[in-house]
Amino acid sequence: MSGSIASSGCPEYCMWASSAVVRRQLFLIRSLGGYCCRIHSHRMRGIQGANVEASETDTESIIRRVTPALDPIRYKGQAGKIAVIGGCREYTGAPYFAAISALKLGADLSHVFCTKDAATVIKSYSPELIVHPVLEESYSVRDDERDSVSAKVLSEVGKWMERFDCIVVGPGLGRDQFLMGCVSDIMRHARQSSIPIVIDGDGLFLVTNNLDLVRGNPLAVLTPNVNEYKRLVEKALDCEVNDEDGTNQLQLLAKRIDGVTILRKGKSDFISDGEAVTSVSTFGSPRRCGGQGDILSGSVAVFSSWARRHLLSTKEATGKSLSNPMVLGCVAGSALLRRAAALAFQNKKRATLTTDIIEYLGKSLEDICPAE
């Protein structure tokens with residue numbers, strides 16, 4: 001969530017943002033801990049150079065809206081079953097952070113599909129995770145075995161796929177060519193099964209080089225940081241990032257990839273499904289420890305699955321973008337992570353680690369949506 005704030009490029013918006021009154025209000029909000037901050041929906045008419053209508057939606061109301069009540073008649077699994085596809089010899093922390101964050105928010109079950117080398121390490125982090133050592137890297141597969149091993153990997157993951165409410169692809173995945181090919185097959189299978197998918201880390205490297213993996217998939221979320229977003233813009237739009245017209249460019253990017261939801265991480269997080277651009281600017285933490293993006297991907301997966309179930313059960317009518325479960329999941333996940341990061345930093349200051357932030361996820365949700 002590092003990077004510069006994108007601006008809309010609209011004169012009326014710039015005038016609003018630069019007013020002394022608004023600056024004083026933002027100062028007061030941050031002084032109070034940032035929890036009163038709103039998200040701003042910038043609805044676009046057209047694409048480049050469009051006029052912007054700014055409206056505000058309370059992030060806390062979205063979190064309350066999609067978070068399911070704790071009900072004694074519910075059974076295991078109804079509060080969410082999440083899977084993380086990632087974890088290799090070099091990277092075992094990232095898939096753990098994503099998977100454990102899902103549990104800390106309230107998902108019932110969290111799985112990790114990783115390589116054999118990573119499995120024992122990830123299992124040792126927590127007995128709460130269900131770890132599947134089924135992925136393979138090139139060094140362990142002979143050339144004449146590649147097709148059969150690839151089919152076996154897809155079969156091993158595929159037999160679980162229908163059980164999941166959302167999958168996260170990318171944390172700790174690495175860039176091994178054979179492994180990337182297997183994960184591409186897994187993503188296609190998830191899409192055929194209408195399983196929502198959140199893509200982060202090395203999953204974004206994979207998708208940037210093959211946009212057809214997500215093109216036209218309304219259940220896909222991309223969560224790029226500043227460098228990943230730069231590569232995505234260059235690939236999809238064939239131009240440089242334009243921060244002066246950032247909201248329009250983000251909306252155009254989402255449209256160009258045909259309706260995926262993009263959460264552009266930065267000082268403010270910007271979210272678009274091609275219909276609107278929404279920003280979450282709740283103040284979080286100045287401490288930029290690695291792993292916060294993994295917390296975000298796990299959190300977005302949980303909130304997106306909750307939002308999807310909520311919308312299907314209530315059929316409520318709202319603005320088009322704010323009835324998109326993936327947008328709602330991004331808004332809720334972003335806002336809650338920022339709240340947890342602020343609480344962790346309040347106590348640990350420069351010593352704040354990703355594990356400290358994870359421990360405040362439950363409290364952050366409880367403060368907004370009490371279990372009682």
# chains A, B, ... in the order shown; residues from 1 in each chain; ligands from 1
>>> select_by_dssp(residues="region 89-282 of chain A", states="strand (DSSP E or B)", output="PyMOL selection string")
chain A and resi 109-115+130-135+166-169+197-199+220-222+261-264+269-272+276-280
>>> write_last_selection(atoms="C-alpha atoms", output="compact mmCIF listing (two decimals), in the first residue's frame")
# COMPACT_ATOMS: atom_id res chain seq x y z
CA LEU A 109 -11.51 -22.99 7.03
CA SER A 110 -8.31 -21.91 5.32
CA HIS A 111 -6.29 -24.09 2.95
CA VAL A 112 -2.84 -23.63 1.42
CA PHE A 113 -1.80 -25.41 -1.78
CA CYS A 114 2.00 -25.23 -2.01
CA THR A 115 5.09 -27.15 -3.09
CA ILE A 130 -4.95 -27.21 6.04
CA VAL A 131 -1.82 -27.57 3.92
CA HIS A 132 -1.70 -29.51 0.64
CA PRO A 133 1.84 -30.27 -0.69
CA VAL A 134 0.73 -30.78 -4.29
CA LEU A 135 2.47 -28.09 -6.40
CA CYS A 166 -12.78 -17.77 -2.84
CA ILE A 167 -9.17 -18.55 -3.76
CA VAL A 168 -6.09 -16.35 -3.45
CA VAL A 169 -3.41 -16.84 -6.09
CA ILE A 197 -10.28 -15.26 -7.22
CA VAL A 198 -7.96 -12.66 -5.65
CA ILE A 199 -4.60 -12.28 -7.39
CA ALA A 220 -11.48 -11.68 -10.35
CA VAL A 221 -9.64 -9.09 -8.22
CA LEU A 222 -6.14 -7.80 -8.95
CA THR A 261 -11.90 -5.43 -10.19
CA ILE A 262 -8.55 -3.71 -9.56
CA LEU A 263 -7.42 -2.57 -6.13
CA ARG A 264 -4.51 -0.19 -6.69
CA ASP A 269 -6.22 2.52 -2.07
CA PHE A 270 -8.16 2.99 -5.32
CA ILE A 271 -10.66 0.39 -6.48
CA SER A 272 -12.44 0.07 -9.82
CA ALA A 276 -16.73 3.57 -10.80
CA VAL A 277 -13.58 4.40 -8.90
CA THR A 278 -13.67 4.15 -5.11
CA SER A 279 -10.91 5.27 -2.75
CA VAL A 280 -10.20 4.11 0.79
>>> residues_around(residues="Glu240 (chain A)", least_positions_apart="4", cutoff="10 Å", atoms="only C-alpha atoms", output="PyMOL selection string")
chain A and resi 230-235
>>> closest_residue(among="A:Ser304, A:Ser285, A:Ser140, A:Ser148", to="Pro218 (chain A)", atoms="only C-alpha atoms")
A:Ser304
>>> residues_around(residues="Trp306 (chain A)", least_positions_apart="6", cutoff="7 Å", atoms="only C-alpha atoms", output="ChimeraX atom specification")
/A:66-68
>>> atom_distance(atom1="CA of Ile295 (chain A)", atom2="CA of Ile122 (chain A)")
15.6 Å
>>> residues_around(residues="region 310-315 of chain A", least_positions_apart="4", cutoff="12 Å", atoms="only C-alpha atoms", output="list in words")
Ile62, Ile63, Arg64, Arg65, Val66, Thr67, Pro68, Ala69, Gln78, Ala79, Phe303, Ser304, Ser305, Trp306, Leu322, Ser323, Asn324, Pro325, Met326, Leu328 and Gly329 of chain A
>>> write_last_selection(atoms="N, CA and C atoms", output="mmCIF file, in the first residue's frame")
data_model
loop_
_atom_site.group_PDB
_atom_site.id
_atom_site.type_symbol
_atom_site.label_atom_id
_atom_site.label_comp_id
_atom_site.auth_asym_id
_atom_site.auth_seq_id
_atom_site.Cartn_x
_atom_site.Cartn_y
_atom_site.Cartn_z
ATOM 1 N N ILE A 62 -20.291 -0.612 5.189
ATOM 2 C CA ILE A 62 -20.082 -1.719 4.245
ATOM 3 C C ILE A 62 -19.621 -2.959 4.994
ATOM 4 N N ILE A 63 -18.706 -2.784 5.950
ATOM 5 C CA ILE A 63 -18.236 -3.926 6.733
ATOM 6 C C ILE A 63 -19.392 -4.558 7.505
ATOM 7 N N ARG A 64 -20.227 -3.718 8.127
ATOM 8 C CA ARG A 64 -21.386 -4.259 8.861
ATOM 9 C C ARG A 64 -22.366 -4.939 7.913
ATOM 10 N N ARG A 65 -22.502 -4.371 6.737
ATOM 11 C CA ARG A 65 -23.466 -4.877 5.765
ATOM 12 C C ARG A 65 -23.143 -6.301 5.296
ATOM 13 N N VAL A 66 -21.851 -6.596 5.111
ATOM 14 C CA VAL A 66 -21.492 -7.887 4.513
ATOM 15 C C VAL A 66 -21.061 -8.931 5.536
ATOM 16 N N THR A 67 -20.688 -8.513 6.750
ATOM 17 C CA THR A 67 -20.206 -9.475 7.742
ATOM 18 C C THR A 67 -21.366 -10.293 8.293
ATOM 19 N N PRO A 68 -21.311 -11.628 8.190
ATOM 20 C CA PRO A 68 -22.420 -12.453 8.664
ATOM 21 C C PRO A 68 -22.487 -12.485 10.189
ATOM 22 N N ALA A 69 -23.694 -12.549 10.712
ATOM 23 C CA ALA A 69 -23.874 -12.672 12.160
ATOM 24 C C ALA A 69 -23.423 -14.046 12.622
ATOM 25 N N GLN A 78 -19.821 -22.428 6.777
ATOM 26 C CA GLN A 78 -20.763 -21.422 6.288
ATOM 27 C C GLN A 78 -20.226 -19.998 6.402
ATOM 28 N N ALA A 79 -19.219 -19.785 7.251
ATOM 29 C CA ALA A 79 -18.635 -18.450 7.368
ATOM 30 C C ALA A 79 -17.462 -18.262 6.413
ATOM 31 N N PHE A 303 -13.954 -11.101 2.762
ATOM 32 C CA PHE A 303 -15.036 -10.119 2.622
ATOM 33 C C PHE A 303 -15.763 -10.256 1.285
ATOM 34 N N SER A 304 -15.050 -10.604 0.235
ATOM 35 C CA SER A 304 -15.704 -10.797 -1.068
ATOM 36 C C SER A 304 -16.654 -11.982 -1.034
ATOM 37 N N SER A 305 -16.232 -13.060 -0.386
ATOM 38 C CA SER A 305 -17.110 -14.229 -0.291
ATOM 39 C C SER A 305 -18.324 -13.918 0.575
ATOM 40 N N TRP A 306 -18.123 -13.167 1.666
ATOM 41 C CA TRP A 306 -19.257 -12.759 2.496
ATOM 42 C C TRP A 306 -20.198 -11.834 1.730
ATOM 43 N N LEU A 322 -21.403 -0.668 -6.158
ATOM 44 C CA LEU A 322 -21.494 -1.097 -4.772
ATOM 45 C C LEU A 322 -22.458 -2.261 -4.584
ATOM 46 N N SER A 323 -22.882 -2.887 -5.688
ATOM 47 C CA SER A 323 -23.547 -4.180 -5.599
ATOM 48 C C SER A 323 -22.663 -5.257 -6.216
ATOM 49 N N ASN A 324 -21.425 -4.900 -6.499
ATOM 50 C CA ASN A 324 -20.429 -5.855 -6.973
ATOM 51 C C ASN A 324 -19.719 -6.416 -5.742
ATOM 52 N N PRO A 325 -19.850 -7.716 -5.470
ATOM 53 C CA PRO A 325 -19.258 -8.266 -4.246
ATOM 54 C C PRO A 325 -17.748 -8.120 -4.192
ATOM 55 N N MET A 326 -17.082 -8.093 -5.358
ATOM 56 C CA MET A 326 -15.637 -7.972 -5.354
ATOM 57 C C MET A 326 -15.208 -6.550 -4.964
ATOM 58 N N LEU A 328 -17.064 -4.553 -2.998
ATOM 59 C CA LEU A 328 -17.361 -4.488 -1.569
ATOM 60 C C LEU A 328 -16.272 -5.180 -0.756
ATOM 61 N N GLY A 329 -15.804 -6.324 -1.241
ATOM 62 C CA GLY A 329 -14.743 -7.045 -0.541
ATOM 63 C C GLY A 329 -13.452 -6.255 -0.488
#
>>> residues_around(residues="region 102-107 of chain A", least_positions_apart="5", cutoff="10 Å", atoms="only C-alpha atoms", output="compact mmCIF listing (two decimals) with N, CA and C atoms, in the first residue's frame")
# COMPACT_ATOMS: atom_id res chain seq x y z
N THR A 67 -20.69 -8.51 6.75
CA THR A 67 -20.21 -9.47 7.74
C THR A 67 -21.37 -10.29 8.29
N PRO A 68 -21.31 -11.63 8.19
CA PRO A 68 -22.42 -12.45 8.66
C PRO A 68 -22.49 -12.48 10.19
N LEU A 70 -22.91 -14.09 13.85
CA LEU A 70 -22.59 -15.40 14.44
C LEU A 70 -23.88 -16.03 14.94
N LYS A 76 -19.99 -25.62 10.39
CA LYS A 76 -18.62 -25.32 9.94
C LYS A 76 -18.56 -25.16 8.42
N GLY A 77 -17.98 -24.07 8.02
CA GLY A 77 -17.83 -23.81 6.60
C GLY A 77 -18.73 -22.71 6.08
N GLN A 78 -19.82 -22.43 6.78
CA GLN A 78 -20.76 -21.42 6.29
C GLN A 78 -20.23 -20.00 6.40
N ALA A 79 -19.22 -19.78 7.25
CA ALA A 79 -18.63 -18.45 7.37
C ALA A 79 -17.46 -18.26 6.41
N GLY A 80 -17.23 -19.23 5.54
CA GLY A 80 -16.22 -19.06 4.52
C GLY A 80 -15.15 -20.13 4.51
N LYS A 81 -14.85 -20.59 3.30
CA LYS A 81 -13.76 -21.55 3.07
C LYS A 81 -12.85 -20.94 2.01
N ILE A 82 -11.63 -20.63 2.42
CA ILE A 82 -10.68 -19.90 1.58
C ILE A 82 -9.50 -20.80 1.25
N ALA A 83 -8.96 -20.65 0.04
CA ALA A 83 -7.75 -21.39 -0.34
C ALA A 83 -6.71 -20.42 -0.87
N VAL A 84 -5.47 -20.64 -0.51
CA VAL A 84 -4.34 -19.86 -1.00
C VAL A 84 -3.49 -20.76 -1.90
N TYR A 96 1.25 -18.11 4.33
CA TYR A 96 0.79 -18.21 5.72
C TYR A 96 0.05 -16.94 6.14
N PHE A 97 0.64 -15.77 5.85
CA PHE A 97 0.00 -14.51 6.22
C PHE A 97 -1.39 -14.39 5.61
N GLU A 128 -3.75 -24.59 12.51
CA GLU A 128 -5.08 -24.20 12.06
C GLU A 128 -5.25 -24.32 10.55
N LEU A 129 -4.14 -24.30 9.82
CA LEU A 129 -4.21 -24.31 8.37
C LEU A 129 -4.21 -25.74 7.83
N ASP A 165 -15.09 -20.82 -1.27
CA ASP A 165 -15.85 -19.60 -1.54
C ASP A 165 -15.00 -18.57 -2.26
N ILE A 295 -1.80 -9.92 3.93
CA ILE A 295 -2.96 -9.75 4.81
C ILE A 295 -4.14 -9.24 4.00
N LEU A 296 -3.87 -8.26 3.14
CA LEU A 296 -4.94 -7.67 2.33
C LEU A 296 -5.59 -8.71 1.42
N SER A 297 -4.79 -9.53 0.76
CA SER A 297 -5.36 -10.51 -0.17
C SER A 297 -6.24 -11.52 0.56
N GLY A 298 -5.79 -11.97 1.74
CA GLY A 298 -6.63 -12.89 2.52
C GLY A 298 -7.90 -12.23 3.02
N SER A 299 -7.78 -10.96 3.42
CA SER A 299 -8.95 -10.22 3.92
C SER A 299 -9.95 -9.96 2.81
N VAL A 300 -9.47 -9.55 1.63
CA VAL A 300 -10.36 -9.31 0.50
C VAL A 300 -11.08 -10.59 0.10
N ALA A 301 -10.38 -11.72 0.16
CA ALA A 301 -11.01 -13.00 -0.17
C ALA A 301 -12.19 -13.29 0.76
N VAL A 302 -11.99 -13.07 2.05
CA VAL A 302 -13.06 -13.35 3.02
C VAL A 302 -14.24 -12.39 2.81
N PHE A 303 -13.95 -11.10 2.76
CA PHE A 303 -15.04 -10.12 2.62
C PHE A 303 -15.76 -10.26 1.28
N SER A 305 -16.23 -13.06 -0.39
CA SER A 305 -17.11 -14.23 -0.29
C SER A 305 -18.32 -13.92 0.57
N TRP A 306 -18.12 -13.17 1.67
CA TRP A 306 -19.26 -12.76 2.50
C TRP A 306 -20.20 -11.83 1.73
N GLY A 333 -11.88 -5.04 2.98
CA GLY A 333 -10.56 -5.55 3.29
C GLY A 333 -9.53 -4.46 3.46
N LEU A 336 -10.29 -2.42 6.78
CA LEU A 336 -10.01 -3.15 8.02
C LEU A 336 -8.51 -3.33 8.22
N ILE A 358 -1.72 -8.72 12.09
CA ILE A 358 -2.68 -9.84 12.02
C ILE A 358 -3.41 -10.02 13.34
N GLU A 359 -2.70 -9.83 14.45
CA GLU A 359 -3.32 -10.01 15.76
C GLU A 359 -4.38 -8.95 16.05
N TYR A 360 -4.38 -7.86 15.33
CA TYR A 360 -5.39 -6.82 15.54
C TYR A 360 -6.55 -6.89 14.54
N LEU A 361 -6.53 -7.85 13.64
CA LEU A 361 -7.64 -7.97 12.68
C LEU A 361 -8.95 -8.26 13.40
N GLY A 362 -8.92 -9.21 14.32
CA GLY A 362 -10.14 -9.58 15.05
C GLY A 362 -10.70 -8.42 15.85
N LYS A 363 -9.84 -7.71 16.57
CA LYS A 363 -10.30 -6.56 17.36
C LYS A 363 -10.87 -5.47 16.45
N SER A 364 -10.21 -5.25 15.32
CA SER A 364 -10.67 -4.21 14.40
C SER A 364 -12.07 -4.52 13.89
N LEU A 365 -12.33 -5.77 13.56
CA LEU A 365 -13.67 -6.15 13.10
C LEU A 365 -14.66 -6.12 14.25
N GLU A 366 -14.24 -6.54 15.42
CA GLU A 366 -15.13 -6.55 16.59
C GLU A 366 -15.57 -5.13 16.96
>>> closest_residue(among="A:Gly284, A:Ala307, A:Pro127, A:Val183", to="Gly86 (chain A)", atoms="only C-alpha atoms")
A:Val183
>>> atom_distance(atom1="CA of Leu179 (chain A)", atom2="CA of Ser150 (chain A)")
8.6 Å
>>> residues_around(residues="Ala94 (chain A)", least_positions_apart="5", cutoff="9 Å", atoms="only C-alpha atoms", output="MDAnalysis selection string")
chainID A and resid 86:87 99 170:173 291 293:295
